[in-house]
>>> print(open('structure-v8.txt').read())   # compact mmCIF, C-alpha atoms
# COMPACT_ATOMS: atom_id res chain seq x y z
CA MET R 1 108.74 296.74 94.70
CA LYS R 2 110.91 299.42 93.98
CA ALA R 3 110.01 296.81 92.35
CA SER R 4 111.52 298.48 92.62
CA TRP R 5 110.16 297.53 94.71
CA SER R 6 113.21 299.13 94.71
CA VAL R 7 113.15 300.22 98.18
CA LEU R 8 111.33 300.49 100.22
CA LEU R 9 110.91 302.37 102.63
CA ALA R 10 110.62 305.88 102.92
CA VAL R 11 109.96 305.94 106.54
CA LEU R 12 110.65 309.46 107.65
CA ALA R 13 109.21 309.20 111.12
CA ALA R 14 111.65 311.77 112.42
CA PHE R 15 109.99 314.46 110.37
CA ALA R 16 106.59 314.58 112.03
CA PRO R 17 104.09 312.59 114.10
CA ARG R 18 102.74 309.70 112.07
CA VAL R 19 99.17 309.66 110.81
CA ALA R 20 98.04 306.04 110.56
CA PRO R 21 96.44 305.06 107.26
CA SER R 22 92.88 303.81 107.44
CA THR R 23 92.47 300.03 107.39
CA ALA R 24 88.78 300.20 106.42
CA PRO R 25 87.73 299.67 102.81
CA SER R 26 87.89 302.96 100.93
CA PRO R 27 86.49 304.22 97.65
CA PRO R 28 88.95 305.13 94.88
CA ILE R 29 88.66 308.76 96.00
CA ALA R 30 89.24 308.91 99.76
CA PRO R 31 87.99 311.63 102.10
CA SER R 32 90.25 314.66 102.26
CA ASP R 33 91.49 313.64 105.73
CA ALA R 34 92.65 310.14 104.68
CA TRP R 35 95.25 308.72 102.34
CA ARG R 36 94.00 307.14 99.13
CA ILE R 37 94.60 303.45 98.65
CA VAL R 38 95.27 301.69 95.36
CA LEU R 39 92.24 299.90 93.91
CA ALA R 40 91.87 298.51 90.40
CA PRO R 41 91.17 299.78 87.87
CA VAL R 42 93.35 302.87 87.72
CA GLU R 43 93.45 305.37 84.89
CA LEU R 44 97.02 306.42 84.14
CA VAL R 45 97.94 309.33 81.87
CA PHE R 46 101.55 310.05 81.01
CA PRO R 47 103.66 312.10 81.48
CA ARG R 48 101.41 313.29 84.33
CA ASP R 49 101.57 309.99 86.20
CA HIS R 50 105.35 309.92 86.07
CA GLY R 51 105.04 312.72 88.61
CA ALA R 52 104.17 312.77 92.30
CA HIS R 53 100.89 311.53 93.82
CA ASP R 54 100.63 313.37 97.11
CA ASP R 55 97.23 311.87 97.95
CA TYR R 56 99.04 308.54 98.50
CA GLN R 57 101.40 308.16 101.42
CA THR R 58 104.51 306.52 99.96
CA GLU R 59 106.21 306.85 96.56
CA TRP R 60 109.59 306.26 94.98
CA TRP R 61 111.45 306.72 91.71
CA TYR R 62 114.25 304.21 91.24
CA ALA R 63 116.96 303.70 88.62
CA THR R 64 119.70 301.09 88.40
CA GLY R 65 122.31 300.43 85.75
CA GLU R 66 125.20 298.21 84.73
CA LEU R 67 127.83 300.43 83.16
CA ALA R 68 131.30 300.17 81.60
CA SER R 69 133.89 302.89 81.08
CA ASP R 70 136.18 303.52 78.13
CA ASP R 71 139.07 301.92 80.01
CA GLY R 72 137.13 298.73 80.74
CA ALA R 73 136.08 299.43 84.34
CA ARG R 74 132.61 298.13 85.21
CA PHE R 75 130.13 299.49 87.71
CA GLY R 76 126.69 298.94 89.18
CA VAL R 77 124.76 302.09 90.07
CA GLN R 78 121.55 302.92 91.93
CA LEU R 79 119.76 306.21 92.49
CA THR R 80 116.44 306.24 94.37
CA LEU R 81 114.34 309.20 95.50
CA PHE R 82 111.56 308.58 98.03
CA ARG R 83 108.56 310.74 98.89
CA GLN R 84 106.73 310.16 102.17
CA GLY R 85 103.51 311.96 103.03
CA LEU R 86 103.41 313.26 106.59
CA ALA R 87 99.70 314.10 106.85
CA PRO R 88 96.84 313.63 104.38
CA GLY R 89 94.52 316.31 103.07
CA PRO R 90 94.85 320.09 103.01
CA LEU R 91 96.47 322.17 105.73
CA PRO R 92 94.19 322.64 108.75
CA PRO R 93 92.77 326.13 109.39
CA GLY R 94 95.34 328.45 110.90
CA ALA R 95 98.32 326.24 110.06
CA SER R 96 101.46 327.88 108.70
CA PRO R 97 101.77 327.57 104.91
CA LEU R 98 105.40 326.60 105.57
CA ARG R 99 104.37 323.48 107.49
CA ALA R 100 105.86 320.44 105.77
CA ARG R 101 103.31 318.06 104.24
CA GLU R 102 105.85 315.51 103.05
CA GLY R 103 109.42 314.36 103.46
CA PHE R 104 111.98 313.17 100.93
CA ALA R 105 114.92 310.77 101.13
CA GLY R 106 117.51 309.58 98.63
CA HIS R 107 120.02 306.76 98.17
CA LEU R 108 122.99 306.88 95.79
CA ALA R 109 125.13 303.74 95.49
CA ILE R 110 128.01 302.90 93.16
CA VAL R 111 129.82 299.56 93.24
CA ASP R 112 133.13 299.05 91.45
CA LEU R 113 132.94 295.52 90.09
CA ALA R 114 136.72 295.15 89.77
CA THR R 115 137.31 295.72 93.48
CA GLY R 116 133.89 294.88 94.91
CA ARG R 117 133.93 298.15 96.84
CA LEU R 118 130.61 299.92 97.29
CA ALA R 119 130.16 303.65 97.95
CA LEU R 120 126.90 304.90 99.46
CA ALA R 121 125.48 308.37 100.04
CA GLU R 122 122.09 309.14 101.56
CA ARG R 123 120.11 312.18 102.54
CA SER R 124 116.71 313.24 103.82
CA ARG R 125 114.80 316.50 104.20
CA ARG R 126 111.32 317.82 104.79
CA GLY R 127 109.62 319.04 101.65
CA VAL R 128 110.88 322.53 100.78
CA PRO R 129 110.17 324.23 97.42
CA GLY R 130 113.31 324.23 95.30
CA LEU R 131 115.19 321.89 97.63
CA ALA R 132 113.05 318.81 98.24
CA GLU R 133 110.01 318.48 96.00
CA ALA R 134 108.46 316.55 93.13
CA SER R 135 106.25 317.83 90.33
CA SER R 136 102.73 316.39 90.02
CA THR R 137 102.60 316.93 86.24
CA THR R 138 105.70 315.06 85.05
CA LEU R 139 108.80 313.37 86.41
CA ASP R 140 110.82 316.17 87.99
CA ALA R 141 111.97 315.24 91.50
CA ARG R 142 114.77 316.84 93.47
CA LEU R 143 116.46 316.50 96.83
CA ASP R 144 119.29 318.82 97.88
CA GLY R 145 120.78 318.91 94.39
CA TRP R 146 119.99 315.32 93.45
CA THR R 147 117.55 315.25 90.55
CA MET R 148 115.54 312.91 88.34
CA ARG R 149 113.96 314.66 85.40
CA LEU R 150 112.19 313.56 82.22
CA ASP R 151 113.08 315.98 79.41
CA GLU R 152 111.13 316.98 76.31
CA ARG R 153 112.77 314.15 74.31
CA GLY R 154 111.46 311.52 76.73
CA VAL R 155 114.99 310.97 78.10
CA LEU R 156 115.42 310.47 81.83
CA LEU R 157 118.19 312.63 83.30
CA LEU R 158 119.86 311.58 86.57
CA ASP R 159 122.18 313.91 88.44
CA ALA R 160 123.53 313.26 91.94
CA ALA R 161 126.82 313.83 93.74
CA ASP R 162 128.39 313.65 97.17
CA ARG R 163 131.68 315.54 97.23
CA ALA R 164 132.68 314.32 100.69
CA ARG R 165 132.57 310.72 99.44
CA GLY R 166 134.02 311.45 96.00
CA MET R 167 130.83 310.23 94.31
CA LYS R 168 129.06 311.56 91.24
CA LEU R 169 126.44 310.27 88.79
CA ALA R 170 125.27 312.14 85.70
CA LEU R 171 123.41 309.92 83.23
CA GLU R 172 121.01 310.09 80.31
CA LEU R 173 118.67 307.09 80.19
CA THR R 174 116.84 306.57 76.90
CA PRO R 175 113.97 304.03 76.82
CA GLU R 176 114.38 301.30 74.21
CA LYS R 177 110.96 299.75 74.90
CA PRO R 178 107.55 301.12 75.87
CA LEU R 179 106.64 301.70 79.50
CA VAL R 180 105.53 298.49 81.27
CA LEU R 181 102.51 298.49 83.62
CA HIS R 182 102.80 295.63 86.10
CA GLY R 183 99.93 293.59 87.47
CA GLU R 184 96.40 294.57 86.45
CA GLY R 185 96.85 297.67 84.31
CA GLY R 186 99.51 299.01 86.65
CA VAL R 187 97.99 297.74 89.92
CA SER R 188 100.56 295.39 91.46
CA ALA R 189 99.02 293.28 94.24
CA LYS R 190 101.03 292.84 97.43
CA GLY R 191 98.32 291.10 99.48
CA GLY R 192 94.78 289.76 99.33
CA ALA R 193 92.88 292.62 100.98
CA ASP R 194 91.60 295.77 99.27
CA GLY R 195 94.29 298.39 98.97
CA LYS R 196 97.19 295.98 99.56
CA ALA R 197 98.70 297.06 96.27
CA SER R 198 100.78 299.71 94.58
CA VAL R 199 100.71 301.39 91.20
CA TYR R 200 103.87 300.16 89.50
CA ALA R 201 105.36 301.15 86.13
CA SER R 202 108.80 300.48 84.63
CA TRP R 203 111.10 301.14 81.73
CA THR R 204 112.83 297.77 81.75
CA ARG R 205 115.46 298.38 79.07
CA MET R 206 117.11 301.78 78.72
CA ARG R 207 120.32 302.89 77.03
CA ALA R 208 122.54 304.66 79.57
CA ARG R 209 125.41 307.05 78.92
CA GLY R 210 127.16 309.78 80.88
CA THR R 211 129.72 310.08 83.66
CA LEU R 212 130.25 308.73 87.14
CA ALA R 213 132.89 309.20 89.79
CA THR R 214 133.84 306.99 92.68
CA GLU R 215 136.72 307.53 95.10
CA GLY R 216 137.18 310.86 93.34
CA ARG R 217 138.00 309.34 89.94
CA GLU R 218 135.69 310.22 87.06
CA HIS R 219 134.74 307.84 84.22
CA ARG R 220 132.76 308.21 81.00
CA VAL R 221 130.37 305.28 80.93
CA GLU R 222 127.76 303.53 78.82
CA GLY R 223 125.50 300.58 79.48
CA ALA R 224 121.97 299.47 80.26
CA ALA R 225 119.51 300.66 82.89
CA TRP R 226 116.14 299.93 84.49
CA PHE R 227 113.68 302.46 85.92
CA ASP R 228 110.78 301.93 88.35
CA HIS R 229 108.11 304.25 89.68
CA GLU R 230 105.84 302.98 92.43
CA TYR R 231 103.33 304.52 94.80
CA GLY R 232 100.60 303.53 97.24
CA THR R 233 99.58 303.61 100.90
CA THR R 234 98.81 300.39 102.83
CA GLN R 235 100.79 298.26 100.42
CA LEU R 236 101.92 295.03 102.04
CA GLY R 237 99.77 292.15 103.23
CA ALA R 238 99.61 290.88 106.81
CA GLY R 239 102.63 288.91 107.98
CA VAL R 240 105.00 290.02 105.20
CA VAL R 241 108.48 290.55 106.66
CA GLY R 242 110.45 291.35 103.50
CA TRP R 243 110.91 290.64 99.84
CA ASP R 244 113.38 289.40 97.22
CA TRP R 245 113.07 291.40 94.00
CA PHE R 246 114.85 291.07 90.65
CA GLY R 247 114.86 293.26 87.55
CA LEU R 248 116.60 291.20 84.84
CA ARG R 249 117.56 292.00 81.26
CA LEU R 250 117.99 288.79 79.27
CA ASP R 251 120.31 288.50 76.27
CA ASP R 252 117.48 287.16 74.10
CA GLY R 253 115.81 290.60 74.26
CA ARG R 254 113.33 289.86 77.05
CA GLU R 255 113.15 291.30 80.58
CA LEU R 256 111.88 289.63 83.72
CA MET R 257 110.72 291.30 86.93
CA VAL R 258 110.21 288.88 89.82
CA TYR R 259 109.17 289.64 93.38
CA ARG R 260 108.78 287.13 96.20
CA LEU R 261 107.10 288.54 99.30
CA ARG R 262 108.33 286.60 102.34
CA ARG R 263 106.28 285.70 105.40
CA ALA R 264 107.82 285.16 108.84
CA ASP R 265 107.79 281.38 108.38
CA GLY R 266 109.72 281.66 105.11
CA SER R 267 106.75 280.94 102.84
CA ALA R 268 105.77 283.19 99.96
CA GLU R 269 102.78 285.54 100.12
CA PRO R 270 100.42 284.33 97.33
CA ALA R 271 100.37 287.81 95.79
CA SER R 272 104.04 287.36 94.79
CA GLY R 273 104.53 287.28 91.05
CA ALA R 274 106.45 288.29 87.97
CA THR R 275 106.20 290.26 84.75
CA LEU R 276 107.77 289.00 81.53
CA VAL R 277 108.46 291.60 78.84
CA ALA R 278 108.79 290.23 75.30
CA LYS R 279 111.34 291.42 72.77
CA ASP R 280 108.64 293.52 71.06
CA GLY R 281 107.81 295.28 74.34
CA SER R 282 104.54 293.49 75.07
CA SER R 283 104.24 292.14 78.62
CA ARG R 284 102.26 289.65 80.66
CA SER R 285 101.95 288.84 84.35
CA ILE R 286 103.04 285.46 85.72
CA PRO R 287 101.44 284.29 89.00
CA LEU R 288 103.43 282.64 91.78
CA SER R 289 101.93 279.26 90.88
CA ARG R 290 103.69 279.28 87.50
CA PHE R 291 107.29 279.81 88.58
CA ALA R 292 109.73 278.22 91.00
CA PHE R 293 111.97 280.31 93.24
CA GLU R 294 114.82 278.80 95.25
CA ALA R 295 117.59 280.46 97.29
CA ARG R 296 120.70 278.29 96.90
CA SER R 297 123.40 279.85 99.08
CA THR R 298 123.90 282.64 101.61
CA TRP R 299 126.24 285.49 102.51
CA THR R 300 126.65 286.93 106.02
CA SER R 301 127.27 290.65 106.46
CA PRO R 302 130.42 291.35 108.49
CA ARG R 303 128.79 294.52 109.88
CA THR R 304 125.22 293.54 110.80
CA ASP R 305 125.49 289.71 110.90
CA ALA R 306 122.43 289.63 108.62
CA VAL R 307 122.28 286.48 106.48
CA TYR R 308 121.22 287.19 102.89
CA PRO R 309 120.59 284.76 100.01
CA SER R 310 123.44 285.03 97.50
CA SER R 311 122.41 282.70 94.70
CA TRP R 312 118.98 281.83 93.33
CA ARG R 313 117.27 279.61 90.83
CA VAL R 314 114.20 281.05 89.14
CA ALA R 315 112.36 278.79 86.72
CA CYS R 316 109.25 279.26 84.60
CA PRO R 317 108.98 276.22 82.32
CA GLU R 318 106.05 277.62 80.32
CA GLU R 319 108.27 280.50 79.23
CA GLY R 320 111.38 278.39 78.63
CA LEU R 321 113.20 279.98 81.57
CA ASP R 322 115.48 278.19 84.02
CA LEU R 323 117.78 280.87 85.41
CA VAL R 324 120.61 280.99 87.94
CA ILE R 325 121.14 284.44 89.45
CA THR R 326 124.36 285.38 91.29
CA PRO R 327 125.68 288.70 92.65
CA ARG R 328 128.38 290.42 90.65
CA ALA R 329 129.69 291.82 93.96
CA GLN R 330 128.95 290.08 97.23
CA ASP R 331 128.94 292.97 99.70
CA CYS R 332 126.20 295.29 98.49
CA GLU R 333 124.54 295.80 101.87
CA LEU R 334 123.23 299.37 102.19
CA ASP R 335 122.90 300.79 105.69
CA THR R 336 120.44 303.65 105.21
CA ARG R 337 119.26 304.03 108.79
CA ALA R 338 120.19 307.73 108.65
CA SER R 339 117.58 308.40 105.95
CA THR R 340 114.95 305.67 105.59
CA GLY R 341 115.60 303.63 108.70
CA VAL R 342 116.51 300.31 107.09
CA VAL R 343 119.42 298.08 106.08
CA TYR R 344 118.98 296.15 102.85
CA TRP R 345 120.95 294.47 100.07
CA GLU R 346 120.87 296.04 96.59
CA GLY R 347 123.31 295.19 93.83
CA PRO R 348 124.01 294.01 90.28
CA VAL R 349 123.55 290.35 89.40
CA ALA R 350 124.56 288.00 86.59
CA VAL R 351 122.12 285.59 84.93
CA THR R 352 123.13 282.18 83.57
CA GLY R 353 121.20 279.04 82.72
CA SER R 354 118.76 278.77 79.84
CA VAL R 355 119.42 282.43 78.96
CA MET R 356 122.28 284.74 79.86
CA GLY R 357 121.77 288.26 81.13
CA GLY R 358 122.16 290.72 83.98
CA GLY R 359 120.26 293.14 86.15
CA TYR R 360 119.72 294.11 89.78
CA ALA R 361 118.45 292.43 92.95
CA GLU R 362 116.93 293.94 96.09
CA LEU R 363 116.62 292.01 99.37
CA THR R 364 114.77 293.52 102.33
CA GLY R 365 113.78 292.38 105.81
CA TYR R 366 116.93 290.38 106.54
CA ALA R 367 118.72 292.96 108.71
CA THR R 368 115.99 295.35 109.87
CA GLY R 369 112.22 295.36 109.79
CA LEU R 370 110.13 297.00 107.10
CA PRO R 371 108.70 300.49 107.66
CA ARG R 372 105.19 300.89 109.02
CA SER R 373 104.45 303.27 106.12
CA LEU R 374 104.15 300.27 103.82
CA GLY R 375 101.19 298.97 105.82
CA VAL R 376 103.17 296.07 107.28
CA SER R 377 101.49 293.96 109.93
CA LYS R 378 103.61 292.68 112.83
CA LYS R 379 101.31 289.69 113.33
>>> encode(input="structure-v8.txt", output="structure tokens")
Amino acid sequence: MKASWSVLLAVLAAFAPRVAPSTAPSPPIAPSDAWRIVLAPVELVFPRDHGAHDDYQTEWWYATGELASDDGARFGVQLTLFRQGLAPGPLPPGASPLRAREGFAGHLAIVDLATGRLALAERSRRGVPGLAEASSTTLDARLDGWTMRLDERGVLLLDAADRARGMKLALELTPEKPLVLHGEGGVSAKGGADGKASVYASWTRMRARGTLATEGREHRVEGAAWFDHEYGTTQLGAGVVGWDWFGLRLDDGRELMVYRLRRADGSAEPASGATLVAKDGSSRSIPLSRFAFEARSTWTSPRTDAVYPSSWRVACPEEGLDLVITPRAQDCELDTRASTGVVYWEGPVAVTGSVMGGGYAELTGYATGLPRSLGVSKK
């Protein structure tokens, strides 16, 4: 998931006619006229694989943070850049070299935890060199002045602003642990069939510092952050209508990523799972059968009437975890229908129970359906 699955989503159907991904089994290298699908094993080389993978249809780079200012104000922040392929393979003979081969979208959200007010900016654009593009050799993605860039020190630089909304985010994120590859060497299963997977890597604990502005007021901030990079093509299994995802930093030095893929009847897709990152940075996958997941209360959006879970219990007895997760701000619904076509909930959460901590949650499929670009079946 962004999971990021951090969202989601980059359904940019307005940009061009859709080219349906193949549902037939494919080799690791697909024909030039088809999107590649994710099959294990994958060989990942960094920093190259922090960059774009334009032979896969959908990709996103996602960062969240919990930050505090010098004057004691506290914030949750999210910046996500999405890349959506519009047609696979090289340009056809005679086509204009200016013809867009991909589209980009972005979400910037800042929630003031003292007031509970959330500010959101979004944008989308066809791929244009210098304006909307992503390097294929390292992490260097940009969209109309919003940027995510990995510098020569290995520090992730975020820069995004929306003057009309009085929003700004300029952060340096420094990894405090090695990169985590989820699933089987980076292949995170989202269903039982071949190709129902994404490549998913994270920095789960990063030191954040910089500035942000909301409602036109600027703050110097520091705190902790999480970064996800995920890409694939026909990612989700048949019948999946949404997911609940958590990226949690625990006060005992561990991190926990949990994703529960929901079917229409409310049951969990068996490919749901978790990754536990130890204090020393080592990680291991936890299958659905080894943890319990329970939504304990709900919140109803006053705008869309969507009913979201608003408190959860996540337990994994073998790891000594029995956690209660609650939102730090209730109304973190993001209406991004102008860019990616969806409404979802994304916000900071507090962790209590056997271990204290914090992090971010993402809830999709409660207000609007998931994009076809994720390979979702309507069955």
>>> closest_residue(input="structure-v8.txt", among="R:Arg142, R:His53, R:Arg83, R:Arg220", to="Ser339 of chain R", atoms="all atoms listed in the file")
R:Arg83
>>> closest_residue(input="structure-v8.txt", among="R:Val111, R:Ala315, R:Ala329, R:Ala105", to="Ala68 of chain R", atoms="only C-alpha atoms")
R:Val111
>>> atom_distance(input="structure-v8.txt", atom1="atom CA of Pro287 of chain R", atom2="atom CA of Met257 of chain R")
11.8 Å
>>> atom_distance(input="structure-v8.txt", atom1="atom CA of Ala63 of chain R", atom2="atom CA of Glu133 of chain R")
17.9 Å
>>> atom_distance(input="structure-v8.txt", atom1="atom CA of Gly347 of chain R", atom2="atom CA of Leu212 of chain R")
16.6 Å
>>> residues_around(input="structure-v8.txt", residues="Leu276 of chain R", least_positions_apart="4", cutoff="10 Å", atoms="only C-alpha atoms", output="number ranges by chain")
R: 180, 182, 248, 254-258, 281-286, 319
>>> residues_around(input="structure-v8.txt", residues="Phe291 of chain R", least_positions_apart="5", cutoff="9 Å", atoms="only C-alpha atoms", output="JSON, numbers by chain")
{"R": [273, 274, 286, 314, 315, 316, 317, 318]}
>>> residues_around(input="structure-v8.txt", residues="Ala213 of chain R", least_positions_apart="4", cutoff="6 Å", atoms="all atoms listed in the file", output="PyMOL selection string")
chain R and resi 167-168+217-218
>>> write_last_selection(input="structure-v8.txt", atoms="C-alpha atoms", output="PDB file, in the frame of the given file")
ATOM      1  CA  MET R 167     130.830 310.230  94.310  1.00  0.00           C
ATOM      2  CA  LYS R 168     129.060 311.560  91.240  1.00  0.00           C
ATOM      3  CA  ARG R 217     138.000 309.340  89.940  1.00  0.00           C
ATOM      4  CA  GLU R 218     135.690 310.220  87.060  1.00  0.00           C
TER       5      GLU R 218
END
>>> residues_around(input="structure-v8.txt", residues="Leu108 of chain R", least_positions_apart="4", cutoff="7 Å", atoms="only C-alpha atoms", output="list in words")
Gln78, Leu79, Thr80, Leu120, Ala121 and Glu122 of chain R
>>> write_last_selection(input="structure-v8.txt", atoms="C-alpha atoms", output="mmCIF file, in the coordinates of the input")
data_model
loop_
_atom_site.group_PDB
_atom_site.id
_atom_site.type_symbol
_atom_site.label_atom_id
_atom_site.label_comp_id
_atom_site.auth_asym_id
_atom_site.auth_seq_id
_atom_site.Cartn_x
_atom_site.Cartn_y
_atom_site.Cartn_z
ATOM 1 C CA GLN R 78 121.550 302.920 91.930
ATOM 2 C CA LEU R 79 119.760 306.210 92.490
ATOM 3 C CA THR R 80 116.440 306.240 94.370
ATOM 4 C CA LEU R 120 126.900 304.900 99.460
ATOM 5 C CA ALA R 121 125.480 308.370 100.040
ATOM 6 C CA GLU R 122 122.090 309.140 101.560
#
>>> closest_residue(input="structure-v8.txt", among="R:Gln57, R:Thr214, R:Ser297, R:Thr204", to="Gly253 of chain R", atoms="all atoms listed in the file")
R:Thr204
>>> closest_residue(input="structure-v8.txt", among="R:Met356, R:Val343, R:Ala114, R:Leu173", to="Leu323 of chain R", atoms="all atoms listed in the file")
R:Met356
>>> closest_residue(input="structure-v8.txt", among="R:Val241, R:Ala109, R:Leu157, R:Ala295", to="Arg262 of chain R", atoms="all atoms listed in the file")
R:Val241
>>> closest_residue(input="structure-v8.txt", among="R:Ala161, R:Leu236, R:Asp70, R:Tyr56", to="Asp194 of chain R", atoms="only C-alpha atoms")
R:Leu236
>>> residues_near_point(input="structure-v8.txt", point="(123.7, 313.3, 96.2)", cutoff="6 Å", atoms="all atoms listed in the file", output="list in words")
Trp146, Ala160, Ala161 and Asp162 of chain R
>>> residues_around(input="structure-v8.txt", residues="His50 of chain R", least_positions_apart="3", cutoff="9 Å", atoms="all atoms listed in the file", output="number ranges by chain")
R: 45-47, 61, 136-140, 150, 201, 229
>>> residues_near_point(input="structure-v8.txt", point="(112.3, 299.6, 80.7)", cutoff="7 Å", atoms="only C-alpha atoms", output="PyMOL selection string")
chain R and resi 175+177-180+202-206+226-227
